[in-house]
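Text of the file data-v2.cif, holding mmCIF, C-alpha atoms:
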data_model
loop_
_atom_site.label_atom_id
_atom_site.label_comp_id
_atom_site.auth_asym_id
_atom_site.auth_seq_id
_atom_site.Cartn_x
_atom_site.Cartn_y
_atom_site.Cartn_z
CA MET M 1 -2.43 -2.23 -9.95
CA SER M 2 0.51 -4.19 -11.29
CA ASP M 3 3.90 -4.10 -9.60
CA SER M 4 5.27 -1.01 -11.28
CA THR M 5 2.30 1.00 -12.44
CA ILE M 6 0.55 4.06 -11.11
CA THR M 7 -3.22 4.30 -11.16
CA ASP M 8 -5.34 7.43 -11.59
CA THR M 9 -2.76 9.21 -13.71
CA ASN M 10 -4.15 12.71 -13.52
CA ALA M 11 -0.61 13.80 -12.77
CA GLY M 12 0.39 17.01 -11.08
CA ASN M 13 -2.87 18.55 -9.96
CA VAL M 14 -2.66 20.95 -7.06
CA SER M 15 -5.86 21.22 -5.07
CA THR M 16 -7.17 24.43 -3.57
CA PRO M 17 -5.27 24.95 -0.32
CA THR M 18 -7.41 24.22 2.71
CA GLU M 19 -6.58 24.59 6.37
CA ARG M 20 -3.87 22.07 7.13
CA SER M 21 -2.23 20.83 10.31
CA ALA M 22 1.53 21.33 10.81
CA LEU M 23 2.04 17.68 9.90
CA GLU M 24 -0.02 18.02 6.72
CA GLU M 25 2.10 21.05 5.79
CA VAL M 26 5.22 18.92 6.07
CA ALA M 27 3.49 16.20 4.04
CA ALA M 28 2.76 18.84 1.36
CA GLN M 29 6.43 19.86 1.35
CA TYR M 30 7.38 16.21 0.96
CA ALA M 31 4.98 15.91 -2.00
CA ASP M 32 6.48 19.07 -3.52
CA ALA M 33 9.97 17.54 -3.22
CA ILE M 34 8.79 14.40 -5.02
CA ALA M 35 7.12 16.50 -7.72
CA ALA M 36 10.32 18.52 -8.21
CA GLY M 37 12.42 15.37 -8.60
CA ALA M 38 13.66 14.02 -11.92
CA ALA M 39 11.64 10.79 -11.77
CA TYR M 40 8.31 12.58 -11.27
CA ARG M 41 9.05 15.23 -13.89
CA GLU M 42 9.91 12.52 -16.44
CA TYR M 43 6.75 10.64 -15.50
CA GLN M 44 4.65 13.74 -15.95
CA ALA M 45 6.28 14.55 -19.30
CA ALA M 46 5.77 10.97 -20.49
CA TYR M 47 2.14 11.09 -19.34
CA GLU M 48 1.54 14.30 -21.26
CA ALA M 49 3.23 12.83 -24.34
CA LEU M 50 0.91 9.84 -24.06
CA GLN M 51 -2.12 12.13 -23.86
CA GLN M 52 -1.00 13.89 -27.06
CA ASP M 53 -0.44 10.64 -28.98
CA ALA M 54 -3.85 9.42 -30.21
CA ASN M 55 -2.43 6.19 -31.57
CA ALA M 56 -0.66 5.37 -28.30
CA LYS M 57 -3.77 6.24 -26.27
CA ALA M 58 -5.95 3.98 -28.40
CA LEU M 59 -3.47 1.12 -28.16
CA PHE M 60 -3.11 1.59 -24.41
CA ALA M 61 -6.88 1.68 -23.94
CA GLU M 62 -7.35 -1.43 -26.08
CA TYR M 63 -4.70 -3.28 -24.08
CA GLN M 64 -6.32 -2.31 -20.77
CA ARG M 65 -9.76 -3.31 -22.05
CA ARG M 66 -8.48 -6.68 -23.26
CA SER M 67 -6.43 -7.21 -20.12
CA ASN M 68 -9.44 -6.50 -17.88
CA TYR M 69 -11.54 -8.89 -19.95
CA VAL M 70 -8.96 -11.70 -19.72
CA GLN M 71 -8.63 -11.11 -15.98
CA ALA M 72 -12.40 -11.23 -15.47
CA ALA M 73 -12.82 -14.24 -17.75
CA GLY M 74 -9.99 -15.99 -15.91
CA GLN M 75 -12.05 -15.93 -12.73
CA TRP M 76 -14.66 -18.21 -14.20
CA GLY M 77 -12.30 -20.15 -16.47
CA GLY M 78 -13.53 -18.51 -19.66
CA VAL M 79 -10.22 -17.40 -21.20
CA ARG M 80 -9.94 -18.62 -24.77
CA GLU M 81 -6.65 -19.28 -26.51
CA GLN M 82 -7.20 -16.37 -28.92
CA ASP M 83 -7.77 -13.97 -26.00
CA GLY M 84 -4.35 -14.77 -24.60
CA ALA M 85 -2.75 -14.51 -28.05
CA GLU M 86 -4.43 -11.16 -28.68
CA LEU M 87 -3.22 -9.86 -25.33
CA GLU M 88 0.33 -10.97 -26.15
CA ARG M 89 0.12 -9.25 -29.55
CA LEU M 90 -1.04 -6.01 -27.93
CA GLU M 91 1.69 -6.31 -25.31
CA ARG M 92 4.32 -6.68 -28.06
CA GLU M 93 2.90 -3.74 -29.98
CA MET M 94 2.94 -1.61 -26.84
CA SER M 95 6.51 -2.50 -25.95
CA GLU M 96 7.54 -1.41 -29.46
CA HIS M 97 5.65 1.88 -29.25
CA SER M 98 8.09 4.57 -28.15
CA THR M 99 5.53 6.82 -26.39
CA ILE M 100 4.10 3.93 -24.39
CA ALA M 101 7.52 2.45 -23.68
CA ARG M 102 8.66 5.82 -22.34
CA TYR M 103 5.53 6.16 -20.21
CA ARG M 104 5.93 2.67 -18.74
CA ALA M 105 9.63 3.16 -18.05
CA SER M 106 8.89 6.45 -16.29
CA GLN M 107 6.22 4.74 -14.17
CA THR M 108 8.61 1.99 -13.17
CA ALA M 109 11.33 4.49 -12.23
CA LEU M 110 8.91 6.61 -10.21
CA VAL M 111 7.41 3.64 -8.37
CA GLU M 112 10.93 2.45 -7.52
CA GLU M 113 11.75 5.87 -6.13
CA LEU M 114 8.52 6.00 -4.08
CA ARG M 115 9.22 2.55 -2.66
CA GLU M 116 12.74 3.60 -1.76
CA LEU M 117 11.37 6.68 0.00
CA ASN M 118 8.84 4.55 1.84
CA ALA M 119 11.64 2.22 2.93
CA ILE M 120 13.54 5.20 4.35
CA MET M 121 10.38 6.23 6.23
CA GLY M 122 10.01 2.67 7.49
CA GLU M 123 13.54 2.68 8.87
CA GLU M 124 12.95 6.03 10.56
CA LEU M 125 9.52 5.21 11.95
CA GLY M 126 9.44 1.47 12.49
CA ILE M 127 6.15 1.22 10.58
CA ASP M 128 5.36 0.81 6.90
CA PHE M 129 3.59 4.09 6.17
CA ALA M 130 2.34 3.16 2.69
CA ALA M 131 1.09 -0.30 3.63
CA MET M 132 -0.66 1.11 6.67
CA VAL M 133 -2.58 3.92 4.99
CA ARG M 134 -3.30 2.68 1.49
CA PRO M 135 -6.98 2.08 0.76
CA SER M 136 -6.77 -1.74 0.96
CA SER M 137 -5.14 -1.79 4.41
CA CYS M 138 -6.23 -4.82 6.41
CA GLY M 139 -7.07 -2.95 9.62
CA CYS M 140 -5.70 -5.67 11.91
CA HIS M 141 -5.20 -5.28 15.69
CA MET U 1 18.52 9.63 -4.70
CA GLU U 2 18.43 13.43 -4.87
CA ALA U 3 19.57 15.14 -1.66
CA ALA U 4 16.49 17.41 -1.47
CA LEU U 5 14.21 14.39 -1.67
CA LYS U 6 16.10 12.55 1.03
CA GLU U 7 15.98 15.62 3.23
CA ALA U 8 12.22 15.98 2.65
CA VAL U 9 11.45 12.35 3.52
CA ASN U 10 13.58 12.53 6.66
CA LYS U 11 11.80 15.68 7.74
CA PHE U 12 8.39 14.12 7.06
CA ALA U 13 9.30 10.91 8.94
CA GLY U 14 10.69 12.93 11.85
CA THR U 15 7.54 15.04 12.08
CA VAL U 16 5.31 11.95 11.95
CA ARG U 17 7.38 10.36 14.73
CA GLU U 18 6.88 13.36 16.99
CA GLU U 19 3.10 13.51 16.51
CA PRO U 20 1.16 12.71 19.70
CA VAL U 21 -0.89 10.02 17.91
CA THR U 22 2.28 8.28 16.75
CA ARG U 23 3.81 8.42 20.24
CA SER U 24 0.60 6.96 21.68
CA PHE U 25 0.67 4.18 19.12
CA PHE U 26 4.26 3.22 19.96
CA GLU U 27 3.49 3.28 23.68
CA ALA U 28 0.44 1.06 23.12
CA ARG U 29 2.47 -1.30 20.93
CA GLN U 30 5.19 -1.50 23.57
CA ALA U 31 2.57 -2.27 26.21
CA PHE U 32 1.09 -4.97 23.97
CA GLU U 33 4.46 -6.57 23.23
CA SER U 34 5.67 -6.51 26.81
CA ASN U 35 2.48 -7.81 28.43
CA SER U 36 3.37 -11.27 29.77
CA GLU U 37 -0.25 -12.45 29.88
CA LEU U 38 -0.81 -11.53 26.25
CA TYR U 39 2.54 -13.00 25.30
CA ALA U 40 1.52 -16.34 26.78
CA LEU U 41 -1.85 -16.18 25.03
CA ARG U 42 -0.21 -15.40 21.69
CA LEU U 43 2.23 -18.29 22.13
CA GLU U 44 -0.69 -20.58 22.90
CA TYR U 45 -2.54 -19.26 19.84
CA THR U 46 0.45 -19.99 17.57
CA ARG U 47 0.79 -23.48 19.05
CA LEU U 48 -2.92 -24.13 18.54
CA VAL U 49 -2.90 -22.90 14.92
CA HIS U 50 -0.03 -25.28 14.20
CA GLU U 51 -1.83 -28.15 15.91
CA LEU U 52 -5.06 -27.46 13.99
CA ARG U 53 -3.23 -27.39 10.66
CA THR U 54 -1.72 -30.77 11.45
CA LYS U 55 -5.13 -32.13 12.42
CA GLN U 56 -6.64 -30.67 9.25
CA SER U 57 -4.06 -32.40 7.05
CA GLU U 58 -4.66 -35.65 8.94
CA GLY U 59 -8.43 -35.27 8.67
CA THR U 60 -8.92 -35.33 12.46
CA LEU U 61 -9.99 -31.72 12.94
CA VAL U 62 -13.24 -31.36 14.89
CA GLU U 63 -15.53 -28.40 15.58
CA GLU U 64 -14.34 -28.17 19.19
CA ASP U 65 -10.78 -27.47 17.99
CA VAL U 66 -11.94 -24.54 15.88
CA ALA U 67 -14.11 -23.25 18.73
CA GLU U 68 -11.10 -23.39 21.09
CA LEU U 69 -9.07 -21.33 18.62
CA ARG U 70 -11.86 -18.78 18.24
CA THR U 71 -12.19 -18.45 22.03
CA LEU U 72 -8.47 -17.81 22.35
CA GLU U 73 -8.66 -15.28 19.52
CA HIS U 74 -11.47 -13.43 21.31
CA THR U 75 -9.54 -13.49 24.59
CA VAL U 76 -6.59 -11.77 22.91
CA ASN U 77 -8.77 -9.28 21.03
CA ASP U 78 -10.91 -8.42 24.04
CA HIS U 79 -7.90 -7.85 26.30
CA GLU U 80 -7.74 -4.23 27.46
CA VAL U 81 -4.15 -3.80 26.23
CA THR U 82 -5.06 -5.13 22.76
CA LYS U 83 -8.05 -2.79 22.60
CA GLU U 84 -5.85 0.16 23.51
CA LEU U 85 -3.43 -0.79 20.74
CA SER U 86 -6.29 -1.07 18.22
CA GLU U 87 -7.67 2.31 19.18
CA ALA U 88 -4.24 3.96 19.10
CA GLN U 89 -3.62 2.50 15.66
CA ILE U 90 -6.97 3.71 14.34
CA ARG U 91 -6.23 7.24 15.58
CA MET U 92 -2.73 7.22 14.05
CA VAL U 93 -3.86 5.79 10.72
CA GLU U 94 -6.54 8.50 10.44
CA VAL U 95 -3.87 11.20 10.79
CA LEU U 96 -1.52 9.45 8.36
CA GLN U 97 -4.31 8.95 5.84
CA ARG U 98 -4.88 12.69 5.78
CA CYS U 99 -1.17 13.11 5.01
CA ASN U 100 -1.54 10.56 2.23
CA THR U 101 -4.46 12.54 0.82
CA VAL U 102 -2.38 15.74 0.80
CA ILE U 103 0.53 13.97 -0.96
CA SER U 104 -1.76 12.16 -3.40
CA GLU U 105 -3.60 15.35 -4.39
CA ARG U 106 -0.30 16.97 -5.24
CA LEU U 107 1.00 13.99 -7.24
CA GLY U 108 -2.24 13.08 -9.03
CA PHE U 109 -2.32 9.44 -7.93
CA ASP U 110 -2.63 7.52 -4.68
CA TYR U 111 0.83 7.81 -3.15
CA ALA U 112 0.49 4.95 -0.65
CA SER U 113 -0.77 2.46 -3.23
CA SER U 114 2.25 3.15 -5.43
CA ALA U 115 4.82 3.25 -2.63
CA ALA U 116 3.67 0.07 -0.87
CA THR U 117 5.61 -3.08 -1.63
CA GLN U 118 3.77 -5.67 0.36
CA ARG U 119 0.20 -6.92 0.34
CA SER U 120 -0.17 -7.01 4.11
CA CYS U 121 -1.08 -3.99 6.22
CA GLY U 122 2.45 -3.32 7.51
CA CYS U 123 1.55 -3.02 11.16
#
Representation of the structure as structure tokens:
Amino acid sequence: MSDSTITDTNAGNVSTPTERSALEEVAAQYADAIAAGAAYREYQAAYEALQQDANAKALFAEYQRRSNYVQAAGQWGGVREQDGAELERLEREMSEHSTIARYRASQTALVEELRELNAIMGEELGIDFAAMVRPSSCGCH
Amino acid sequence: MEAALKEAVNKFAGTVREEPVTRSFFEARQAFESNSELYALRLEYTRLVHELRTKQSEGTLVEEDVAELRTLEHTVNDHEVTKELSEAQIRMVEVLQRCNTVISERLGFDYASSAATQRSCGC
């Protein structure tokens, strides 16, 4: 994941309610508050707009494919000059595409908000909640 | 930031703080940080790491140096107070991960991965 992107963008799904602890209920209320906020609503709208725009979707997919290839090739030193140039061209095209630009801007704004919220939690708790529970946590101590 | 959002995060943080697993973790961390024996061992570990780096850059590092560091590492990790901290953290993280799952299911992406700013574990 890059610095301001969100992975697994199946935005806004609500799972079937299962039995939750009191803490999990409060966590659900917290999630609801995020989902009701302007940043999340704009992100969701931009995501839906992206899904409706076949041209944007194709461009986005092509960029991700090319980007993954360049990243993988970079690990064994196999990036050719034309690969980098092609990636730059796709990047330019994406930045000029209004649907994609909106989607990316909404992602950046939402990630900033989530990081700000996590910082507030950190101040309150004295631990970094997100860093501690995310899937790649180091598990030290 | 919207007032409702700030209120929600404060409530969530406050509820997490009052959870028995969180209280246990903070008690275990306090015990770890205030244990004079462990403090001395950790100081020695830091000194040794620095010394080994210097030796490495000078090309004088030998196997015995690395073994000494490993032994010290094991002494810290096998200490009862360290073990209690590890276990308390595991229990707390399990509870917090379930919260993350609840939040992530609602939002449609992994909340913690998006909200984290640093690469380290944050403990």
| said: Starting from the PyMOL selection byres ((chain U and resi 116) around 9), expand the selection into actual residues of this file and give them as a PyMOL selection string. | reply: (chain M and resi 114-115+118+128-132+134) or (chain U and resi 111-115+117-119)
Select residues of chain U: the criterion is any atom within 8 Å of an atom of chain M, counting all atoms listed in the file; output as a compact mmCIF listing (two decimals) with C-alpha atoms, keeping the file's coordinate frame.
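Full text of result33.txt as output:
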# COMPACT_ATOMS: atom_id res chain seq x y z
CA MET U 1 18.52 9.63 -4.70
CA GLU U 2 18.43 13.43 -4.87
CA ALA U 4 16.49 17.41 -1.47
CA LEU U 5 14.21 14.39 -1.67
CA LYS U 6 16.10 12.55 1.03
CA ALA U 8 12.22 15.98 2.65
CA VAL U 9 11.45 12.35 3.52
CA ASN U 10 13.58 12.53 6.66
CA LYS U 11 11.80 15.68 7.74
CA PHE U 12 8.39 14.12 7.06
CA ALA U 13 9.30 10.91 8.94
CA GLY U 14 10.69 12.93 11.85
CA THR U 15 7.54 15.04 12.08
CA VAL U 16 5.31 11.95 11.95
CA ARG U 17 7.38 10.36 14.73
CA GLU U 19 3.10 13.51 16.51
CA ASN U 77 -8.77 -9.28 21.03
CA THR U 82 -5.06 -5.13 22.76
CA LYS U 83 -8.05 -2.79 22.60
CA LEU U 85 -3.43 -0.79 20.74
CA SER U 86 -6.29 -1.07 18.22
CA GLN U 89 -3.62 2.50 15.66
CA VAL U 93 -3.86 5.79 10.72
CA LEU U 96 -1.52 9.45 8.36
CA GLN U 97 -4.31 8.95 5.84
CA ARG U 98 -4.88 12.69 5.78
CA CYS U 99 -1.17 13.11 5.01
CA ASN U 100 -1.54 10.56 2.23
CA VAL U 102 -2.38 15.74 0.80
CA ILE U 103 0.53 13.97 -0.96
CA SER U 104 -1.76 12.16 -3.40
CA GLU U 105 -3.60 15.35 -4.39
CA ARG U 106 -0.30 16.97 -5.24
CA LEU U 107 1.00 13.99 -7.24
CA GLY U 108 -2.24 13.08 -9.03
CA PHE U 109 -2.32 9.44 -7.93
CA ASP U 110 -2.63 7.52 -4.68
CA TYR U 111 0.83 7.81 -3.15
CA ALA U 112 0.49 4.95 -0.65
CA SER U 113 -0.77 2.46 -3.23
CA SER U 114 2.25 3.15 -5.43
CA ALA U 115 4.82 3.25 -2.63
CA ALA U 116 3.67 0.07 -0.87
CA THR U 117 5.61 -3.08 -1.63
CA GLN U 118 3.77 -5.67 0.36
CA ARG U 119 0.20 -6.92 0.34
CA SER U 120 -0.17 -7.01 4.11
CA CYS U 121 -1.08 -3.99 6.22
CA GLY U 122 2.45 -3.32 7.51
CA CYS U 123 1.55 -3.02 11.16
| said: When you look at Glu84 in chain U with a cut-off of 10 Å (counting only C-alpha atoms), what residues show up, excluding the ones that are within fewer than 6 positions of it in the same chain? I need them as a PyMOL selection string. | reply: (chain M and resi 141) or (chain U and resi 24-25+27-29+31-32+78+90)
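When all atoms listed in the file are used to compute distances to Leu50 in chain M, the closest of the residues M:Ala109, M:Arg102, M:Tyr69, M:Gly77 turns out to be M:Arg102.
Between CA of Val76 in chain U and CA of Leu52 in chain U the interatomic distance comes to 18.1 Å.
Residues matched by the PyMOL selection byres ((chain M and resi 78-94) around 10) in this structure: Ala56, Leu59, Phe60, Glu62, Tyr63, Gln64, Arg65, Arg66, Ser67, Tyr69, Val70, Gln71, Ala72, Ala73, Gly74, Gln75, Trp76, Gly77, Ser95, Glu96, His97, Ser98, Thr99, Ile100, Ala101 and Arg104 of chain M.
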| message | So the first atom is CA of Glu73 in chain U and the second is CA of Glu37 in chain U; what is the distance between them in Å, to one decimal place? | response | 13.6 Å
| field | Counting all atoms listed in the file, the option among U:Gly59, U:Ser34, U:Leu72, U:Arg91 closest to Arg47 in chain U | value | U:Leu72
| task | May I ask for the distance between CA of Tyr43 in chain M and CA of Asn55 in chain M, given in Å to one decimal place? | result | 19.0 Å
Taking all atoms of range 45-63 of chain U that appear in the file, build a box with edges along x, y and z, extend it by 5 Å on every side, and state its centre and edge lengths in Å to one decimal, as AutoDock Vina command-line options.
--center_x -7.4 --center_y -27.5 --center_z 13.4 --size_x 26.3 --size_y 26.4 --size_z 22.8
So that I can check the surroundings of Glu68 in chain U, please list as an mmCIF file with C-alpha atoms, keeping the file's coordinate frame every protein, DNA and RNA residue that reaches within 10 Å of it, counting only C-alpha atoms and ignoring chain neighbours fewer than 6 positions away.
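Final output, saved to out.cif:
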data_model
loop_
_atom_site.group_PDB
_atom_site.id
_atom_site.type_symbol
_atom_site.label_atom_id
_atom_site.label_comp_id
_atom_site.auth_asym_id
_atom_site.auth_seq_id
_atom_site.Cartn_x
_atom_site.Cartn_y
_atom_site.Cartn_z
ATOM 1 C CA TYR U 45 -2.540 -19.260 19.840
ATOM 2 C CA LEU U 48 -2.920 -24.130 18.540
ATOM 3 C CA HIS U 74 -11.470 -13.430 21.310
#
